[in-house]
>>> print(open('structure-v8.pdb').read())   # PDB, C-alpha atoms
MODEL        1
ATOM      1  CA  MET S   1      97.908  83.101 109.481  1.00  0.00           C
ATOM      2  CA  THR S   2      99.239  85.719 107.069  1.00  0.00           C
ATOM      3  CA  PRO S   3      97.164  88.567 105.589  1.00  0.00           C
ATOM      4  CA  TRP S   4      97.536  86.913 102.166  1.00  0.00           C
ATOM      5  CA  LEU S   5      95.942  83.694 103.422  1.00  0.00           C
ATOM      6  CA  ILE S   6      93.093  85.637 105.035  1.00  0.00           C
ATOM      7  CA  ALA S   7      92.626  87.572 101.768  1.00  0.00           C
ATOM      8  CA  ALA S   8      92.440  84.273  99.854  1.00  0.00           C
ATOM      9  CA  GLY S   9      89.734  83.001 102.219  1.00  0.00           C
ATOM     10  CA  VAL S  10      87.746  86.221 101.918  1.00  0.00           C
ATOM     11  CA  LEU S  11      88.009  86.086  98.117  1.00  0.00           C
ATOM     12  CA  MET S  12      86.771  82.505  98.079  1.00  0.00           C
ATOM     13  CA  VAL S  13      83.740  83.177 100.258  1.00  0.00           C
ATOM     14  CA  GLY S  14      82.905  86.774  99.356  1.00  0.00           C
ATOM     15  CA  GLY S  15      83.983  86.810  95.703  1.00  0.00           C
ATOM     16  CA  LEU S  16      83.649  83.334  94.210  1.00  0.00           C
ATOM     17  CA  VAL S  17      80.386  82.288  95.908  1.00  0.00           C
ATOM     18  CA  PRO S  18      78.294  85.283  94.648  1.00  0.00           C
ATOM     19  CA  ALA S  19      79.837  84.905  91.168  1.00  0.00           C
ATOM     20  CA  MET S  20      78.944  81.204  91.075  1.00  0.00           C
ATOM     21  CA  ALA S  21      75.423  81.999  92.329  1.00  0.00           C
ATOM     22  CA  LEU S  22      75.142  84.461  89.430  1.00  0.00           C
ATOM     23  CA  ALA S  23      76.361  81.797  86.984  1.00  0.00           C
ATOM     24  CA  TYR S  24      73.866  79.267  88.364  1.00  0.00           C
ATOM     25  CA  ARG S  25      70.541  80.980  87.575  1.00  0.00           C
ATOM     26  CA  GLY S  26      68.838  83.302  85.123  1.00  0.00           C
ATOM     27  CA  PRO S  27      69.031  83.727  81.329  1.00  0.00           C
ATOM     28  CA  ALA S  28      72.120  82.704  79.369  1.00  0.00           C
ATOM     29  CA  GLU S  29      73.736  86.166  79.165  1.00  0.00           C
ATOM     30  CA  HIS S  30      73.379  86.638  82.947  1.00  0.00           C
ATOM     31  CA  ARG S  31      74.979  83.245  83.575  1.00  0.00           C
ATOM     32  CA  LEU S  32      77.773  84.056  81.127  1.00  0.00           C
ATOM     33  CA  LEU S  33      78.475  87.250  83.068  1.00  0.00           C
ATOM     34  CA  GLY S  34      78.600  85.219  86.277  1.00  0.00           C
ATOM     35  CA  MET S  35      81.163  82.949  84.639  1.00  0.00           C
ATOM     36  CA  GLU S  36      83.277  85.948  83.582  1.00  0.00           C
ATOM     37  CA  LEU S  37      83.119  87.335  87.106  1.00  0.00           C
ATOM     38  CA  ALA S  38      84.054  83.938  88.581  1.00  0.00           C
ATOM     39  CA  GLY S  39      86.995  83.662  86.146  1.00  0.00           C
ATOM     40  CA  ALA S  40      88.358  87.125  86.998  1.00  0.00           C
ATOM     41  CA  THR S  41      87.931  86.468  90.734  1.00  0.00           C
ATOM     42  CA  ALA S  42      89.619  83.055  90.402  1.00  0.00           C
ATOM     43  CA  VAL S  43      92.648  84.630  88.675  1.00  0.00           C
ATOM     44  CA  ILE S  44      93.079  87.144  91.518  1.00  0.00           C
ATOM     45  CA  LEU S  45      92.472  84.395  94.097  1.00  0.00           C
ATOM     46  CA  LEU S  46      95.153  82.125  92.575  1.00  0.00           C
ATOM     47  CA  VAL S  47      97.670  84.986  92.496  1.00  0.00           C
ATOM     48  CA  VAL S  48      96.949  85.741  96.177  1.00  0.00           C
ATOM     49  CA  LEU S  49      97.227  82.019  97.041  1.00  0.00           C
ATOM     50  CA  CYS S  50     100.621  81.745  95.300  1.00  0.00           C
ATOM     51  CA  GLN S  51     101.810  84.707  97.342  1.00  0.00           C
ATOM     52  CA  ALA S  52     100.317  83.291 100.564  1.00  0.00           C
ATOM     53  CA  LEU S  53     101.935  79.877 100.114  1.00  0.00           C
ATOM     54  CA  ASP S  54     105.192  81.399  98.802  1.00  0.00           C
ATOM     55  CA  GLN S  55     105.085  79.229  95.676  1.00  0.00           C
ATOM     56  CA  PRO S  56     105.812  81.493  92.689  1.00  0.00           C
ATOM     57  CA  GLY S  57     106.089  78.432  90.421  1.00  0.00           C
ATOM     58  CA  TYR S  58     102.321  77.995  90.664  1.00  0.00           C
ATOM     59  CA  LEU S  59     101.776  81.381  88.950  1.00  0.00           C
ATOM     60  CA  ILE S  60     101.569  79.499  85.654  1.00  0.00           C
ATOM     61  CA  VAL S  61      98.037  78.400  86.699  1.00  0.00           C
ATOM     62  CA  PRO S  62      96.460  81.923  86.847  1.00  0.00           C
ATOM     63  CA  LEU S  63      98.404  82.843  83.689  1.00  0.00           C
ATOM     64  CA  VAL S  64      96.842  79.947  81.776  1.00  0.00           C
ATOM     65  CA  LEU S  65      93.435  80.623  83.344  1.00  0.00           C
ATOM     66  CA  VAL S  66      93.349  84.274  82.275  1.00  0.00           C
ATOM     67  CA  LEU S  67      94.110  83.312  78.662  1.00  0.00           C
ATOM     68  CA  LEU S  68      91.691  80.361  78.553  1.00  0.00           C
ATOM     69  CA  SER S  69      88.816  82.238  80.197  1.00  0.00           C
ATOM     70  CA  PHE S  70      89.276  85.031  77.641  1.00  0.00           C
ATOM     71  CA  ALA S  71      89.084  82.663  74.665  1.00  0.00           C
ATOM     72  CA  GLY S  72      86.323  80.564  76.249  1.00  0.00           C
ATOM     73  CA  THR S  73      84.097  83.548  76.970  1.00  0.00           C
ATOM     74  CA  LEU S  74      84.492  84.864  73.419  1.00  0.00           C
ATOM     75  CA  VAL S  75      83.391  81.451  72.093  1.00  0.00           C
ATOM     76  CA  PHE S  76      80.327  81.543  74.378  1.00  0.00           C
ATOM     77  CA  THR S  77      79.347  85.053  73.198  1.00  0.00           C
ATOM     78  CA  ARG S  78      79.654  83.923  69.576  1.00  0.00           C
ATOM     79  CA  LEU S  79      77.573  80.763  70.047  1.00  0.00           C
ATOM     80  CA  LEU S  80      74.876  82.362  72.200  1.00  0.00           C
ATOM     81  CA  GLY S  81      74.511  85.225  69.719  1.00  0.00           C
ATOM     82  CA  THR S  82      73.664  82.941  66.807  1.00  0.00           C
ATOM     83  CA  ARG S  83      71.670  80.235  68.545  1.00  0.00           C
ATOM     84  CA  ASP S  84      68.168  81.787  68.716  1.00  0.00           C
ATOM     85  CA  GLU S  85      68.076  83.417  65.285  1.00  0.00           C
TER
ATOM     86  CA  MET D   1     106.303  99.900 106.603  1.00  0.00           C
ATOM     87  CA  SER D   2     106.198  98.299 103.147  1.00  0.00           C
ATOM     88  CA  ASN D   3     104.380  95.309 104.642  1.00  0.00           C
ATOM     89  CA  ALA D   4     101.687  97.594 106.071  1.00  0.00           C
ATOM     90  CA  ALA D   5     101.339  99.349 102.703  1.00  0.00           C
ATOM     91  CA  ALA D   6     101.060  95.975 100.920  1.00  0.00           C
ATOM     92  CA  ASP D   7      98.408  94.841 103.416  1.00  0.00           C
ATOM     93  CA  VAL D   8      96.377  98.010 102.886  1.00  0.00           C
ATOM     94  CA  LEU D   9      96.560  97.638  99.076  1.00  0.00           C
ATOM     95  CA  LEU D  10      95.623  93.945  99.335  1.00  0.00           C
ATOM     96  CA  ALA D  11      92.677  94.746 101.620  1.00  0.00           C
ATOM     97  CA  LEU D  12      91.487  97.431  99.182  1.00  0.00           C
ATOM     98  CA  GLY D  13      91.707  95.019  96.232  1.00  0.00           C
ATOM     99  CA  VAL D  14      89.971  92.162  98.031  1.00  0.00           C
ATOM    100  CA  GLY D  15      87.303  94.491  99.450  1.00  0.00           C
ATOM    101  CA  LEU D  16      86.551  95.789  95.947  1.00  0.00           C
ATOM    102  CA  VAL D  17      86.174  92.236  94.593  1.00  0.00           C
ATOM    103  CA  VAL D  18      83.766  91.282  97.394  1.00  0.00           C
ATOM    104  CA  LEU D  19      81.693  94.478  97.060  1.00  0.00           C
ATOM    105  CA  ALA D  20      81.558  94.187  93.254  1.00  0.00           C
ATOM    106  CA  SER D  21      80.505  90.513  93.393  1.00  0.00           C
ATOM    107  CA  LEU D  22      77.746  91.210  95.914  1.00  0.00           C
ATOM    108  CA  ALA D  23      76.571  94.262  93.937  1.00  0.00           C
ATOM    109  CA  ALA D  24      76.517  92.221  90.710  1.00  0.00           C
ATOM    110  CA  LEU D  25      74.405  89.588  92.456  1.00  0.00           C
ATOM    111  CA  ARG D  26      71.945  92.268  93.627  1.00  0.00           C
ATOM    112  CA  SER D  27      71.677  94.083  90.301  1.00  0.00           C
ATOM    113  CA  ARG D  28      69.127  92.936  87.694  1.00  0.00           C
ATOM    114  CA  SER D  29      70.457  94.305  84.394  1.00  0.00           C
ATOM    115  CA  VAL D  30      73.335  92.760  82.414  1.00  0.00           C
ATOM    116  CA  PHE D  31      74.643  96.207  81.481  1.00  0.00           C
ATOM    117  CA  ARG D  32      74.812  97.239  85.143  1.00  0.00           C
ATOM    118  CA  ARG D  33      76.470  93.952  86.061  1.00  0.00           C
ATOM    119  CA  LEU D  34      79.130  94.610  83.414  1.00  0.00           C
ATOM    120  CA  HIS D  35      80.191  97.706  85.353  1.00  0.00           C
ATOM    121  CA  TYR D  36      80.826  95.577  88.441  1.00  0.00           C
ATOM    122  CA  LEU D  37      82.893  93.139  86.367  1.00  0.00           C
ATOM    123  CA  THR D  38      85.016  96.096  85.241  1.00  0.00           C
ATOM    124  CA  VAL D  39      85.662  97.018  88.878  1.00  0.00           C
ATOM    125  CA  VAL D  40      87.161  93.538  89.422  1.00  0.00           C
ATOM    126  CA  THR D  41      89.300  93.422  86.262  1.00  0.00           C
ATOM    127  CA  SER D  42      90.454  97.043  85.984  1.00  0.00           C
ATOM    128  CA  LEU D  43      90.671  98.174  89.604  1.00  0.00           C
ATOM    129  CA  ALA D  44      90.983  95.237  92.031  1.00  0.00           C
ATOM    130  CA  GLY D  45      93.460  93.274  89.867  1.00  0.00           C
ATOM    131  CA  PRO D  46      95.973  96.153  89.510  1.00  0.00           C
ATOM    132  CA  LEU D  47      95.634  96.911  93.238  1.00  0.00           C
ATOM    133  CA  VAL D  48      96.625  93.320  94.076  1.00  0.00           C
ATOM    134  CA  ALA D  49      99.507  93.549  91.559  1.00  0.00           C
ATOM    135  CA  VAL D  50     100.791  96.709  93.266  1.00  0.00           C
ATOM    136  CA  ALA D  51     100.418  94.969  96.647  1.00  0.00           C
ATOM    137  CA  VAL D  52     102.655  92.101  95.425  1.00  0.00           C
ATOM    138  CA  LEU D  53     105.150  94.621  94.008  1.00  0.00           C
ATOM    139  CA  VAL D  54     105.296  96.464  97.327  1.00  0.00           C
ATOM    140  CA  ALA D  55     105.606  93.231  99.332  1.00  0.00           C
ATOM    141  CA  ASP D  56     108.223  91.475  97.163  1.00  0.00           C
ATOM    142  CA  GLY D  57     110.009  94.319  95.395  1.00  0.00           C
ATOM    143  CA  PHE D  58     110.994  94.113  91.725  1.00  0.00           C
ATOM    144  CA  GLY D  59     111.797  90.541  90.720  1.00  0.00           C
ATOM    145  CA  LEU D  60     110.651  87.632  88.587  1.00  0.00           C
ATOM    146  CA  THR D  61     107.679  86.812  90.846  1.00  0.00           C
ATOM    147  CA  ALA D  62     106.397  90.384  90.876  1.00  0.00           C
ATOM    148  CA  LEU D  63     106.910  90.626  87.115  1.00  0.00           C
ATOM    149  CA  SER D  64     104.879  87.433  86.551  1.00  0.00           C
ATOM    150  CA  VAL D  65     102.066  88.751  88.755  1.00  0.00           C
ATOM    151  CA  VAL D  66     102.079  92.082  86.917  1.00  0.00           C
ATOM    152  CA  VAL D  67     101.920  90.303  83.527  1.00  0.00           C
ATOM    153  CA  ILE D  68      98.973  88.149  84.685  1.00  0.00           C
ATOM    154  CA  LEU D  69      96.992  91.042  86.118  1.00  0.00           C
ATOM    155  CA  VAL D  70      97.759  93.351  83.174  1.00  0.00           C
ATOM    156  CA  LEU D  71      96.429  90.580  80.901  1.00  0.00           C
ATOM    157  CA  LEU D  72      93.291  90.455  83.072  1.00  0.00           C
ATOM    158  CA  ALA D  73      92.909  94.248  82.827  1.00  0.00           C
ATOM    159  CA  VAL D  74      93.418  94.218  79.027  1.00  0.00           C
ATOM    160  CA  THR D  75      91.077  91.300  78.276  1.00  0.00           C
ATOM    161  CA  GLY D  76      88.339  92.502  80.677  1.00  0.00           C
ATOM    162  CA  PRO D  77      87.037  95.384  78.510  1.00  0.00           C
ATOM    163  CA  VAL D  78      87.094  93.147  75.401  1.00  0.00           C
ATOM    164  CA  LEU D  79      84.923  90.578  77.175  1.00  0.00           C
ATOM    165  CA  SER D  80      82.640  93.331  78.501  1.00  0.00           C
ATOM    166  CA  ALA D  81      82.151  94.669  74.972  1.00  0.00           C
ATOM    167  CA  ALA D  82      81.430  91.168  73.617  1.00  0.00           C
ATOM    168  CA  THR D  83      78.945  90.418  76.416  1.00  0.00           C
ATOM    169  CA  GLY D  84      77.250  93.798  76.025  1.00  0.00           C
ATOM    170  CA  ARG D  85      76.875  93.198  72.310  1.00  0.00           C
ATOM    171  CA  LEU D  86      75.464  89.713  72.914  1.00  0.00           C
ATOM    172  CA  ASN D  87      72.930  91.128  75.371  1.00  0.00           C
ATOM    173  CA  ALA D  88      71.934  93.895  72.946  1.00  0.00           C
ATOM    174  CA  GLN D  89      71.387  91.268  70.238  1.00  0.00           C
ATOM    175  CA  ARG D  90      69.250  89.081  72.473  1.00  0.00           C
ATOM    176  CA  GLU D  91      67.154  92.044  73.631  1.00  0.00           C
ATOM    177  CA  HIS D  92      66.792  93.119  69.952  1.00  0.00           C
ATOM    178  CA  VAL D  93      68.428  96.477  70.587  1.00  0.00           C
ATOM    179  CA  ILE D  94      70.730  95.845  67.593  1.00  0.00           C
ATOM    180  CA  GLU D  95      70.546  93.569  64.570  1.00  0.00           C
ATOM    181  CA  VAL D  96      72.155  90.147  64.925  1.00  0.00           C
ATOM    182  CA  ASP D  97      74.443  90.614  61.921  1.00  0.00           C
ATOM    183  CA  SER D  98      75.571  94.182  62.639  1.00  0.00           C
ATOM    184  CA  PRO D  99      78.191  95.419  62.055  1.00  0.00           C
ATOM    185  CA  GLU D 100      79.266  93.483  58.989  1.00  0.00           C
TER
ENDMDL
END
>>> encode(input="structure-v8.pdb", output="structure tokens")
Amino acid sequence: MTPWLIAAGVLMVGGLVPAMALAYRGPAEHRLLGMELAGATAVILLVVLCQALDQPGYLIVPLVLVLLSFAGTLVFTRLLGTRDE
Amino acid sequence: MSNAAADVLLALGVGLVVLASLAALRSRSVFRRLHYLTVVTSLAGPLVAVAVLVADGFGLTALSVVVILVLLAVTGPVLSAATGRLNAQREHVIEVDSPE
């Protein structure tokens, strides 16, 4: 088992699980922050996984994810900001 | 030697992500949690990018990883600002329509 594979496992358990727990409960802005944290952690995790599996072709997945999570989060901030008022 | 350096950089990056995620879970304020998000996007991401650079050397793979993690580092503060503004609106710290 390579250090990259171990790092991917640690990121999954220690990084993604707390972020998803944050996204699961609390008010909307707290959950949104959990989603942002999960997105950023997932991007790093996918990069580490590509390196661990020696599959650089899969790097398109974190590239698309970083762009989509950026646009998606901005849409959420816009909608949540106007909903209550 | 370069493998050991890459492993150390990778361990630093991964350790920062884990510590920041656990700290964000423990914290109660959105503004404090935003600081932990910044640790992941602006510190851990570049550390992992440097680890890949050290492990692979300059090439197309390393360049792709650097582009991805630079994008993460650039978009992170924008998202933090947007989330901070949303939270300030919902806690009535600022007006909903400001600044127009």
>>> interface_residues(input="structure-v8.pdb", of="chain D", to="chain S", cutoff="9 Å", atoms="all atoms listed in the file", output="PyMOL selection string")
chain D and resi 7+10-11+14-15+17-22+24-25+28-30+33-34+36-37+40-41+44-45+48-49+52+60-61+64-65+67-69+71-72+75-76+78-80+82-87+89-90+96
>>> atom_distance(input="structure-v8.pdb", atom1="atom CA of Leu46 of chain S", atom2="atom CA of Tyr58 of chain S")
8.5 Å
>>> atom_distance(input="structure-v8.pdb", atom1="atom CA of Phe31 of chain D", atom2="atom CA of Glu91 of chain D")
11.6 Å
>>> axis_aligned_box(input="structure-v8.pdb", around="segment 53-72 of chain S", padding_each_side="4 Å", output="AutoDock Vina command-line options")
--center_x 96.2 --center_y 81.5 --center_z 87.4 --size_x 27.8 --size_y 15.0 --size_z 33.4
>>> residues_around(input="structure-v8.pdb", residues="Leu53 of chain D", least_positions_apart="2", cutoff="9 Å", atoms="all atoms listed in the file", output="list in words")
Ala6, Val48, Ala49, Val50, Ala51, Ala55, Asp56, Gly57, Phe58, Gly59, Thr61, Ala62, Leu63, Val65 and Val66 of chain D
>>> write_last_selection(input="structure-v8.pdb", atoms="C-alpha atoms", output="compact mmCIF listing (two decimals), keeping the file's coordinate frame")
# COMPACT_ATOMS: atom_id res chain seq x y z
CA ALA D 6 101.06 95.98 100.92
CA VAL D 48 96.62 93.32 94.08
CA ALA D 49 99.51 93.55 91.56
CA VAL D 50 100.79 96.71 93.27
CA ALA D 51 100.42 94.97 96.65
CA ALA D 55 105.61 93.23 99.33
CA ASP D 56 108.22 91.48 97.16
CA GLY D 57 110.01 94.32 95.40
CA PHE D 58 110.99 94.11 91.72
CA GLY D 59 111.80 90.54 90.72
CA THR D 61 107.68 86.81 90.85
CA ALA D 62 106.40 90.38 90.88
CA LEU D 63 106.91 90.63 87.12
CA VAL D 65 102.07 88.75 88.76
CA VAL D 66 102.08 92.08 86.92
>>> atom_distance(input="structure-v8.pdb", atom1="atom CA of Ala81 of chain D", atom2="atom CA of Ser27 of chain D")
18.6 Å
>>> build_atoms(input="structure-v8.pdb", residues="segment 55-82 of chain S", atoms="N, CA and C atoms", output="compact mmCIF listing (two decimals), keeping the file's coordinate frame")
# COMPACT_ATOMS: atom_id res chain seq x y z
N GLN S 55 104.79 80.18 96.75
CA GLN S 55 105.08 79.23 95.68
C GLN S 55 104.96 79.93 94.34
N PRO S 56 105.94 80.74 93.95
CA PRO S 56 105.81 81.49 92.69
C PRO S 56 105.74 80.60 91.45
N GLY S 57 106.18 79.35 91.57
CA GLY S 57 106.09 78.43 90.42
C GLY S 57 104.65 78.15 90.02
N TYR S 58 103.73 78.26 90.97
CA TYR S 58 102.32 78.00 90.66
C TYR S 58 101.66 79.13 89.89
N LEU S 59 102.38 80.24 89.66
CA LEU S 59 101.78 81.38 88.95
C LEU S 59 101.42 81.05 87.50
N ILE S 60 101.92 79.92 87.01
CA ILE S 60 101.57 79.50 85.65
C ILE S 60 100.06 79.19 85.57
N VAL S 61 99.46 78.76 86.70
CA VAL S 61 98.04 78.40 86.70
C VAL S 61 97.15 79.62 86.43
N PRO S 62 97.28 80.74 87.20
CA PRO S 62 96.46 81.92 86.85
C PRO S 62 96.78 82.49 85.48
N LEU S 63 98.04 82.34 85.03
CA LEU S 63 98.40 82.84 83.69
C LEU S 63 97.64 82.09 82.61
N VAL S 64 97.58 80.76 82.75
CA VAL S 64 96.84 79.95 81.78
C VAL S 64 95.34 80.23 81.90
N LEU S 65 94.87 80.39 83.13
CA LEU S 65 93.44 80.62 83.34
C LEU S 65 92.98 81.92 82.70
N VAL S 66 93.78 82.99 82.83
CA VAL S 66 93.35 84.27 82.28
C VAL S 66 93.26 84.19 80.75
N LEU S 67 94.15 83.44 80.12
CA LEU S 67 94.11 83.31 78.66
C LEU S 67 92.96 82.41 78.22
N LEU S 68 92.76 81.29 78.94
CA LEU S 68 91.69 80.36 78.55
C LEU S 68 90.31 80.95 78.80
N SER S 69 90.15 81.68 79.91
CA SER S 69 88.82 82.24 80.20
C SER S 69 88.49 83.33 79.18
N PHE S 70 89.51 84.03 78.69
CA PHE S 70 89.28 85.03 77.64
C PHE S 70 88.76 84.36 76.37
N ALA S 71 89.49 83.35 75.90
CA ALA S 71 89.08 82.66 74.67
C ALA S 71 87.75 81.96 74.85
N GLY S 72 87.56 81.31 75.99
CA GLY S 72 86.32 80.56 76.25
C GLY S 72 85.11 81.47 76.26
N THR S 73 85.23 82.64 76.90
CA THR S 73 84.10 83.55 76.97
C THR S 73 83.75 84.09 75.59
N LEU S 74 84.77 84.37 74.78
CA LEU S 74 84.49 84.86 73.42
C LEU S 74 83.74 83.81 72.61
N VAL S 75 84.11 82.53 72.79
CA VAL S 75 83.39 81.45 72.09
C VAL S 75 81.94 81.42 72.54
N PHE S 76 81.70 81.55 73.86
CA PHE S 76 80.33 81.54 74.38
C PHE S 76 79.52 82.70 73.80
N THR S 77 80.10 83.91 73.72
CA THR S 77 79.35 85.05 73.20
C THR S 77 78.99 84.83 71.73
N ARG S 78 79.91 84.21 70.99
CA ARG S 78 79.65 83.92 69.58
C ARG S 78 78.51 82.91 69.42
N LEU S 79 78.57 81.82 70.18
CA LEU S 79 77.57 80.76 70.05
C LEU S 79 76.20 81.22 70.55
N LEU S 80 76.16 81.92 71.67
CA LEU S 80 74.88 82.36 72.20
C LEU S 80 74.23 83.41 71.30
N GLY S 81 75.05 84.19 70.60
CA GLY S 81 74.51 85.22 69.72
C GLY S 81 73.84 84.67 68.48
N THR S 82 74.23 83.48 68.04
CA THR S 82 73.66 82.94 66.81
C THR S 82 72.65 81.84 67.06
